[in-house]
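Only one structure is covered here, and it is reproduced in the block below.
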Amino acid sequence: MASVKAPSDLLRRLRARFDETGYTIDGVRERLGDVAAGALAREELVPALRATKDLDPLAALIRLWWLGVPVSTAAADLPLSELVQCGLLVKVGDAVQASVHLQPWETGGYVVSDRKVRPGDPAVRRDHVVGAGGASANLAQLVTRQPVERALDLGTGCGVQVLHLADRAGHIVATDVNRRALDLAQLSWGLSGIEGVDVRRGSMFDPVEDERFDLIVSNPPFVISPHARLTYREAGYQADDFCRELVRLAPTHLNPGGHCQLLANWLHVKGEDWQDRLGGWLAETGCDGWAVQRDAQDPAEYVELWLKDAAEQGTPAYRERYDEWLAWFEAQNVTGIGFGWITLHASGTLDPVVRVEELSQQVELPVGAYLADILDSITTAHRLTDDDLLATALHLSKGVLEERIGLPGAEDPTHIILRQTRGLRRTTTVGTVEAALAGVCDGQLPLAPLLAAIGDILGEQHLSPTPLRPLIAEGYFHT
Ligand SMILES: C[S@@+](CC[C@H](N)C(=O)[O-])C[C@H]1O[C@@H](n2cnc3c(N)ncnc32)[C@H](O)[C@@H]1O
């Protein structure tokens with residue numbers, strides 16, 4: 001497909017057409033219904049075709065831009081010749097077909113990308129521009145909501161992160177190595193009414209060599225594979241070095257107080273603790289860091305996921321590629337691959353703290369709305385000495401509940417659990433002292449007299465504040 005560029009006036013008219021026809025997230029969701037939407041998520045088109053068979057204006061738009069099937073020129077009530085001329089549509093007999101996937105997005109804007117390949121489609125082109133999906137939304141939910149002056153979206157692809165940043169960043173630089181990605185991203189922004197994005201082509205931080213930002217976001221090409229075959233997911237660095245290099249270089253591009261937030265993959269290597277490996281990346285930066293593993297797969301699951309992502313199952317090369325990829329992992333003693341979030345905060349401290357953890361539960365979204373509290377909890381727990389802690393009046397955080405589990409009829413519980421009903425929704429087992437503190441920490445009295453009173457009741461002298469530290473780091477208590 002040749003490059004697709006459209007005049008801003010055409011994009012404005014197209015957008016107006018979408019608005020009046022109801023080609024919006026809610027409009028599409030309502031028209032397709034849960035069954036067809038579920039089937040589409042499994043790459044099955046038939047229920048969605050049935051839901052749009054009337055070919056009314058909304059159905060025609062869904063078929064054309066979302067499902068990617070030809071629509072008769074009579075049914076497509078659009079400026080067809082202009083759209084064909086700029087390459088957004090192609091003529092197929094007396095029908096037209098979209099050359100891109102054009103979907104409404106949750107911000108109220110639109111995202112233009114290549115259509116996801118389905119089994120049986122021709123092989124994915126090397127410069128395929130991946131659409132906005134689960135990973136894009138995942139990063140967007142993680143990113144801080146604080147307004148910033150300068151933001152960088154590294155590896156902008158279809159431009160979706162910019163849609164999320166547009167209302168809270170004064171100036172946005174968006175980069176990508178793939179020229180087609182930058183072309184399609186500009187269509188996304190044009191349709192979404194976003195102007196003034198500073199577009200640069202180049203790898204890693206090359207396009208912003210001497211520049212600094214208050215916020216860097218990246219959903220990078222994090223896939224770890226033996227060959228860089230597809231630009232949207234593989235950058236051609238050895239193993240997990242692309243994400244590592246992003247983390248290493250980010251601090252030199254952050255303003256004081258700035259944040260870098262990215263999605264990443266990392267290897268689990270035999271004989272090495274993955275938390276130490278990942279923690280090592282962050283510790284080198286001098287920033288406060290928080291890394292979260294949201295999922296981990298064994299090598300076979302991982303290879304299958306990414307071969308299927310490129311619709312390679314059932315192709316003659318499938319087994320060979322699968323085998324080669326597994327052999328490559330084996331040669332590097334890889335036992336698994338982690339996926340998750342990395343956040344760096346250039347807090348300017350001389351005593352940075354790095355926390356690496358695993359969170360598999362559903363968390364409250366968007367995480368970005370309470371990111372500052374998470375980082376504050378981690379750094380507070382790290383920096384308060386025991387004496388500071390004893391002099392501090394702690395509060396139990398909102399939404400923390402206590403659960404007692406024990407044998408029926410028993411006087412004392414076997415386990416006492418604190419459960420967060422908000423935020424990261426953690427749970428932890430605590431001892432009697434911490435449970436008692438959860439009942440009395442309302443910010444009125446410092447910890448020292450509270451511990452002394454609890455010690456009197458339990459017959460224990462000099463209770464230590466140290467067990468409180470992880471509970472502060474994890475947000476059960478705050479100062
Ligand atoms: C997974 S896509 C992310 C797209 C989009 N930002 C999102 O959130 O959905 C990764 C993007 O990184 C780009 N990319 C690949 N190699 C790169 C490199 N060396 N430097 C910068 N960007 C790169 C790809 O072209 C692709 O658009």
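Every chain in the structure tokens takes a letter, A first, then B, and so on in the order presented; its residues are numbered from 1, and the ligands are numbered from 1 following the presented order.
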Could you list, as a PDB file with N, CA and C atoms, in the first residue's frame, every residue within 7 Å of segment 41-51 of chain A, counting only C-alpha atoms and ignoring same-chain residues fewer than 4 positions away?
ATOM      1  N   ARG A  31     -24.463  -1.577  18.255  1.00  0.00           N
ATOM      2  CA  ARG A  31     -24.884  -2.244  17.027  1.00  0.00           C
ATOM      3  C   ARG A  31     -24.393  -3.700  16.975  1.00  0.00           C
ATOM      4  N   LEU A  32     -23.140  -3.925  17.367  1.00  0.00           N
ATOM      5  CA  LEU A  32     -22.607  -5.281  17.262  1.00  0.00           C
ATOM      6  C   LEU A  32     -23.147  -6.185  18.365  1.00  0.00           C
ATOM      7  N   ALA A  36     -21.338 -10.612  18.911  1.00  0.00           N
ATOM      8  CA  ALA A  36     -20.507 -10.310  17.743  1.00  0.00           C
ATOM      9  C   ALA A  36     -19.163  -9.727  18.177  1.00  0.00           C
ATOM     10  N   ALA A  37     -19.188  -8.886  19.229  1.00  0.00           N
ATOM     11  CA  ALA A  37     -17.921  -8.297  19.700  1.00  0.00           C
ATOM     12  C   ALA A  37     -17.008  -9.400  20.227  1.00  0.00           C
ATOM     13  N   ARG A 118      -5.729 -11.859   9.755  1.00  0.00           N
ATOM     14  CA  ARG A 118      -6.498 -13.007  10.230  1.00  0.00           C
ATOM     15  C   ARG A 118      -5.921 -14.256   9.571  1.00  0.00           C
TER      16      ARG A 118
END
Environment of ligand 1 within 9 Å, counting only C-alpha atoms and all ligand atoms, reported as a count of residues only: 54
Contact residues around Arg404 of chain A with only C-alpha atoms at 9 Å, ignoring same-chain residues under 6 positions, as an MDAnalysis selection string: chainID A and resid 412:418
Residues just named, written with N, CA and C atoms as a PDB file, in the first residue's frame:
ATOM      1  N   ASP A 412      -9.535 -17.474  68.678  1.00  0.00           N
ATOM      2  CA  ASP A 412      -8.670 -16.591  67.880  1.00  0.00           C
ATOM      3  C   ASP A 412      -8.645 -17.030  66.421  1.00  0.00           C
ATOM      4  N   PRO A 413      -8.514 -16.073  65.533  1.00  0.00           N
ATOM      5  CA  PRO A 413      -8.434 -16.441  64.108  1.00  0.00           C
ATOM      6  C   PRO A 413      -7.081 -17.079  63.776  1.00  0.00           C
ATOM      7  N   THR A 414      -7.048 -17.893  62.721  1.00  0.00           N
ATOM      8  CA  THR A 414      -5.761 -18.450  62.277  1.00  0.00           C
ATOM      9  C   THR A 414      -5.025 -17.415  61.428  1.00  0.00           C
ATOM     10  N   HIS A 415      -5.815 -16.655  60.653  1.00  0.00           N
ATOM     11  CA  HIS A 415      -5.202 -15.615  59.807  1.00  0.00           C
ATOM     12  C   HIS A 415      -5.993 -14.326  59.949  1.00  0.00           C
ATOM     13  N   ILE A 416      -5.262 -13.217  59.962  1.00  0.00           N
ATOM     14  CA  ILE A 416      -5.923 -11.906  59.838  1.00  0.00           C
ATOM     15  C   ILE A 416      -5.424 -11.294  58.539  1.00  0.00           C
ATOM     16  N   ILE A 417      -6.358 -10.895  57.723  1.00  0.00           N
ATOM     17  CA  ILE A 417      -5.990 -10.383  56.394  1.00  0.00           C
ATOM     18  C   ILE A 417      -6.443  -8.933  56.271  1.00  0.00           C
ATOM     19  N   LEU A 418      -5.557  -8.085  55.747  1.00  0.00           N
ATOM     20  CA  LEU A 418      -5.974  -6.734  55.365  1.00  0.00           C
ATOM     21  C   LEU A 418      -6.192  -6.750  53.854  1.00  0.00           C
TER      22      LEU A 418
END
Atomic separation - atom CA of Val363 of chain A relative to atom CA of Ala296 of chain A, Å: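 So the two atoms, atom CA of Ala296 of chain A and atom CA of Val363 of chain A, lie 17.3 Å apart.
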Sel. of strand (DSSP E) residues, segment 2-249 of chain A, as a VMD selection string: chain A and resid 71 to 72 89 to 92 95 to 98 101 to 104 110 to 113 148 to 154 169 to 176 198 to 201 213 to 218
Test item: residues at most 7 Å from segment 281-285 of chain A, only C-alpha atoms, excluding those fewer than 3 positions along its chain, as a PyMOL selection string: chain A and resi 244+247-248+251+277-278+289+354
